[in-house]
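Source file query-v5.txt; content: compact mmCIF, C-alpha atoms.
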```
# COMPACT_ATOMS: atom_id res chain seq x y z
CA VAL A 1 -37.63 81.18 35.99
CA LEU A 2 -35.76 84.50 35.97
CA SER A 3 -33.48 83.25 38.74
CA VAL A 4 -32.63 80.11 36.76
CA ALA A 5 -31.95 82.18 33.62
CA VAL A 6 -29.63 84.55 35.53
CA THR A 7 -27.79 81.58 37.04
CA LEU A 8 -27.36 79.96 33.62
CA VAL A 9 -26.11 83.17 32.02
CA SER A 10 -23.70 83.77 34.91
CA SER A 11 -22.42 80.21 34.67
CA PHE A 12 -22.04 80.50 30.90
CA ALA A 13 -20.14 83.80 31.20
CA ALA A 14 -17.83 82.32 33.83
CA HIS A 15 -16.72 79.64 31.36
CA ALA A 16 -16.07 81.96 28.40
CA GLN A 17 -12.60 83.47 28.70
CA ASN A 18 -12.70 86.17 26.00
CA THR A 19 -8.98 86.87 26.38
CA PRO A 20 -8.31 89.59 23.80
CA ALA A 21 -5.89 88.88 20.97
CA ALA A 22 -3.73 91.47 19.29
CA LYS A 23 -5.57 92.79 16.22
CA ASP A 24 -2.66 91.95 13.92
CA ALA A 25 -1.69 88.57 15.44
CA TYR A 26 -0.56 86.06 12.82
CA LEU A 27 0.00 82.35 13.50
CA TYR A 28 1.66 80.15 10.87
CA PHE A 29 3.78 77.09 10.15
CA VAL A 30 7.45 77.75 9.55
CA TRP A 31 7.65 74.08 8.51
CA PRO A 32 6.08 72.02 7.04
CA GLN A 33 4.34 74.02 4.38
CA ASP A 34 1.10 73.19 2.61
CA GLY A 35 1.54 70.22 0.25
CA THR A 36 4.80 68.95 1.76
CA VAL A 37 5.49 65.21 1.35
CA ILE A 38 7.39 63.81 4.35
CA ARG A 39 9.01 60.46 5.05
CA GLY A 40 8.46 59.41 8.66
CA ALA A 41 8.56 61.62 11.74
CA PHE A 42 9.25 65.32 11.31
CA TRP A 43 9.87 68.53 13.24
CA ALA A 44 6.94 70.94 13.05
CA ARG A 45 8.02 74.55 13.62
CA PHE A 46 5.50 77.17 14.71
CA GLY A 47 5.61 80.88 13.91
CA LEU A 48 3.78 83.75 15.60
CA ARG A 49 3.89 87.47 14.89
CA ASN A 50 2.63 90.38 16.98
CA MET A 51 1.99 88.27 20.10
CA GLY A 52 4.29 86.35 22.42
CA VAL A 53 4.67 82.73 23.43
CA THR A 54 4.55 81.79 27.09
CA GLN A 55 3.65 78.80 29.27
CA ALA A 56 0.13 77.62 30.02
CA GLY A 57 -1.09 79.31 33.18
CA SER A 58 0.81 82.52 32.45
CA THR A 59 -1.42 85.58 32.18
CA PHE A 60 1.24 87.73 30.49
CA ALA A 61 -0.55 90.23 28.21
CA ASN A 62 -0.68 89.44 24.47
CA ALA A 63 0.89 86.00 24.92
CA GLY A 64 -0.30 82.42 24.79
CA HIS A 65 0.84 78.91 24.00
CA HIS A 66 0.59 76.71 20.91
CA HIS A 67 -1.84 73.88 20.17
CA LEU A 68 -1.45 71.67 17.11
CA LEU A 69 -4.70 70.41 15.62
CA ILE A 70 -4.24 67.20 13.59
CA ASP A 71 -7.01 66.08 11.23
CA VAL A 72 -9.56 68.25 13.08
CA LYS A 73 -12.60 69.08 10.96
CA ASP A 74 -14.73 71.14 13.35
CA PRO A 75 -13.80 74.70 14.37
CA LEU A 76 -12.82 75.34 17.97
CA ASP A 77 -15.57 76.44 20.35
CA PRO A 78 -14.45 79.81 21.78
CA LYS A 79 -16.49 79.11 24.93
CA GLU A 80 -14.65 75.86 25.70
CA PRO A 81 -10.98 75.09 26.41
CA ILE A 82 -9.10 73.51 23.53
CA PRO A 83 -9.42 69.72 23.99
CA GLN A 84 -6.35 67.66 24.82
CA ASP A 85 -6.24 64.38 22.91
CA LYS A 86 -4.41 62.72 20.00
CA ASN A 87 -5.85 65.33 17.60
CA HIS A 88 -5.31 68.39 19.82
CA LEU A 89 -1.71 68.54 21.04
CA HIS A 90 -0.86 71.09 23.76
CA PHE A 91 2.51 72.80 24.05
CA GLY A 92 2.03 74.37 27.46
CA ALA A 93 5.73 74.75 28.21
CA GLY A 94 5.95 77.45 25.55
CA GLN A 95 7.43 75.20 22.86
CA THR A 96 7.66 76.59 19.33
CA GLU A 97 8.55 73.28 17.67
CA ALA A 98 7.77 69.61 18.18
CA ARG A 99 8.70 66.25 16.71
CA ILE A 100 5.54 64.75 15.24
CA GLU A 101 4.95 61.17 14.14
CA LEU A 102 1.87 60.40 12.05
CA PRO A 103 0.73 57.29 10.17
CA PRO A 104 1.19 57.23 6.38
CA GLY A 105 -1.38 59.17 4.37
CA LYS A 106 -2.75 62.68 4.03
CA HIS A 107 -3.18 64.78 7.16
CA THR A 108 -4.37 68.29 7.91
CA LEU A 109 -2.52 70.47 10.41
CA GLN A 110 -3.58 73.73 11.99
CA LEU A 111 -2.18 75.79 14.84
CA ALA A 112 -4.28 77.51 17.49
CA LEU A 113 -3.01 79.85 20.18
CA GLY A 114 -4.48 79.25 23.62
CA ASP A 115 -4.65 81.58 26.60
CA ALA A 116 -3.49 80.77 30.14
CA LYS A 117 -6.37 78.30 30.60
CA HIS A 118 -6.25 76.77 27.08
CA TYR A 119 -9.18 78.80 25.72
CA PRO A 120 -8.97 80.29 22.21
CA PHE A 121 -8.31 84.03 22.13
CA ASP A 122 -10.97 86.55 21.08
CA PRO A 123 -10.86 86.67 18.12
CA PRO A 124 -9.30 83.19 17.70
CA VAL A 125 -5.65 83.19 16.65
CA VAL A 126 -5.37 80.23 14.26
CA SER A 127 -3.15 79.40 11.32
CA LYS A 128 -4.25 78.51 7.86
CA LYS A 129 -5.04 74.78 7.70
CA ILE A 130 -2.40 72.92 5.69
CA THR A 131 -2.31 69.42 4.19
CA ILE A 132 0.76 67.19 4.31
CA THR A 133 1.38 63.65 3.10
CA ILE A 134 3.34 61.11 5.14
CA LYS A 135 5.04 58.41 3.04
```
What do you get writing this file as structure tokens?
Amino acid sequence: VLSVAVTLVSSFAAHAQNTPAAKDAYLYFVWPQDGTVIRGAFWARFGLRNMGVTQAGSTFANAGHHHLLIDVKDPLDPKEPIPQDKNHLHFGAGQTEARIELPPGKHTLQLALGDAKHYPFDPPVVSKKITITIK
């Protein structure tokens, strides 16, 4: 039983990244801002202070890459990589802006900074969640 427990703990620890974030890191939207009403596709612009932006796979200290969370209700699991799907967009080339097209209606947007392997930093570096309306 002890052997199984040690194996499980070791396996669990191997999956958690725990990449440290700068204490004063701040992730935010340059545009759009909370409450913005937009007609059609738009350019989302990402801002980051006190850390750097780099490509996925890069282990440069105090740097990561952006992920845009669209209509995501659940918080990210710090022990799992950030998913990649229609609600979790990855910008692994180090992009700080992206053209986004969403269906009409209200949508929530949030940014999350991922480490070299797409895991959230410790503590997580996430923006305030904003709401936009697409007309």
Find the residues around Ala21 in chain A up to 9 Å (only C-alpha atoms counted), leave out those fewer than 5 positions away in its own chain, and share them as an NGL selection string.
:A and (51 or 62-63 or 121-125)
For Leu68 in chain A, the nearest of the candidates A:Gln84, A:Thr19, A:Thr36, A:Asn50, counting all atoms listed in the file
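Under the stated criterion, the closest residue is A:Gln84.
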Find the residues with any atom within 9 Å of (-4.5, 67.1, 20.2); use only C-alpha atoms and the coordinates as given in the file, and write the answer as a PyMOL selection string.
chain A and resi 67-70+72+82-90
Shortest interatomic distance to Lys117 in chain A - which of A:Arg49, A:His65, A:Arg39, A:Lys23, counting all atoms listed in the file:
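Of A:Arg49, A:His65, A:Arg39, A:Lys23, the one nearest Lys117 in chain A is A:His65, counting all atoms listed in the file.
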Counting only C-alpha atoms, figure out which residue out of A:Ser127, A:Lys135, A:Pro32, A:Tyr119 gets nearest to Glu80 in chain A.
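Smallest separation from Glu80 in chain A among the options: A:Tyr119.
If you look at CA of Gln95 in chain A and CA of Lys128 in chain A, they are 19.3 Å away from each other.
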Find the spatial neighbours of Pro103 in chain A, counting only C-alpha atoms, within a cut-off of 12 Å - ignore same-chain residues fewer than 6 positions away - and output them as a JSON list (two decimals) with C-alpha atoms, in the coordinates of the input.
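File produced: around11.json:
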```json
[["chain", "number", "residue", "atom", "x", "y", "z"],
["A", 38, "ILE", "CA", 7.39, 63.81, 4.35],
["A", 39, "ARG", "CA", 9.01, 60.46, 5.05],
["A", 40, "GLY", "CA", 8.46, 59.41, 8.66],
["A", 41, "ALA", "CA", 8.56, 61.62, 11.74],
["A", 42, "PHE", "CA", 9.25, 65.32, 11.31],
["A", 70, "ILE", "CA", -4.24, 67.20, 13.59],
["A", 71, "ASP", "CA", -7.01, 66.08, 11.23],
["A", 132, "ILE", "CA", 0.76, 67.19, 4.31],
["A", 133, "THR", "CA", 1.38, 63.65, 3.10],
["A", 134, "ILE", "CA", 3.34, 61.11, 5.14],
["A", 135, "LYS", "CA", 5.04, 58.41, 3.04]]
```
Take CA of Pro81 in chain A and CA of Gly114 in chain A and report the distance between them in Å, one decimal.
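Rounded to one decimal, the two atoms are 8.2 Å apart.
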Can you tell me how far CA of Leu113 in chain A sits from CA of His66 in chain A, in Å to one decimal?
4.8 Å
For a quick check of understanding, using all atoms listed in the file, which of A:Val37, A:Ala22, A:Leu27, A:Thr108 has the smallest distance to Lys73 in chain A?
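That would be A:Thr108, the residue with the smallest distance to Lys73 in chain A.
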Could you tell me which of A:Ala56, A:Leu76, A:Ile100, A:Ile130 comes closest to Phe29 in chain A if we count only C-alpha atoms?
A:Ile130
Pick from A:Ala98, A:Ala61, A:Leu48, A:Val30: nearest to Ala112 in chain A, with only C-alpha atoms counted?
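Smallest distance to Ala112 in chain A is found for A:Leu48.
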Test item: which residues lie within 10 Å of (7.9, 74.4, 30.7) counting all atoms listed in the file, as a list of chain:residue names:
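Protein and nucleic acid residues near the point are A:Thr54, A:Gln55, A:Ala56, A:Phe91, A:Gly92, A:Ala93, A:Gly94, A:Gln95.
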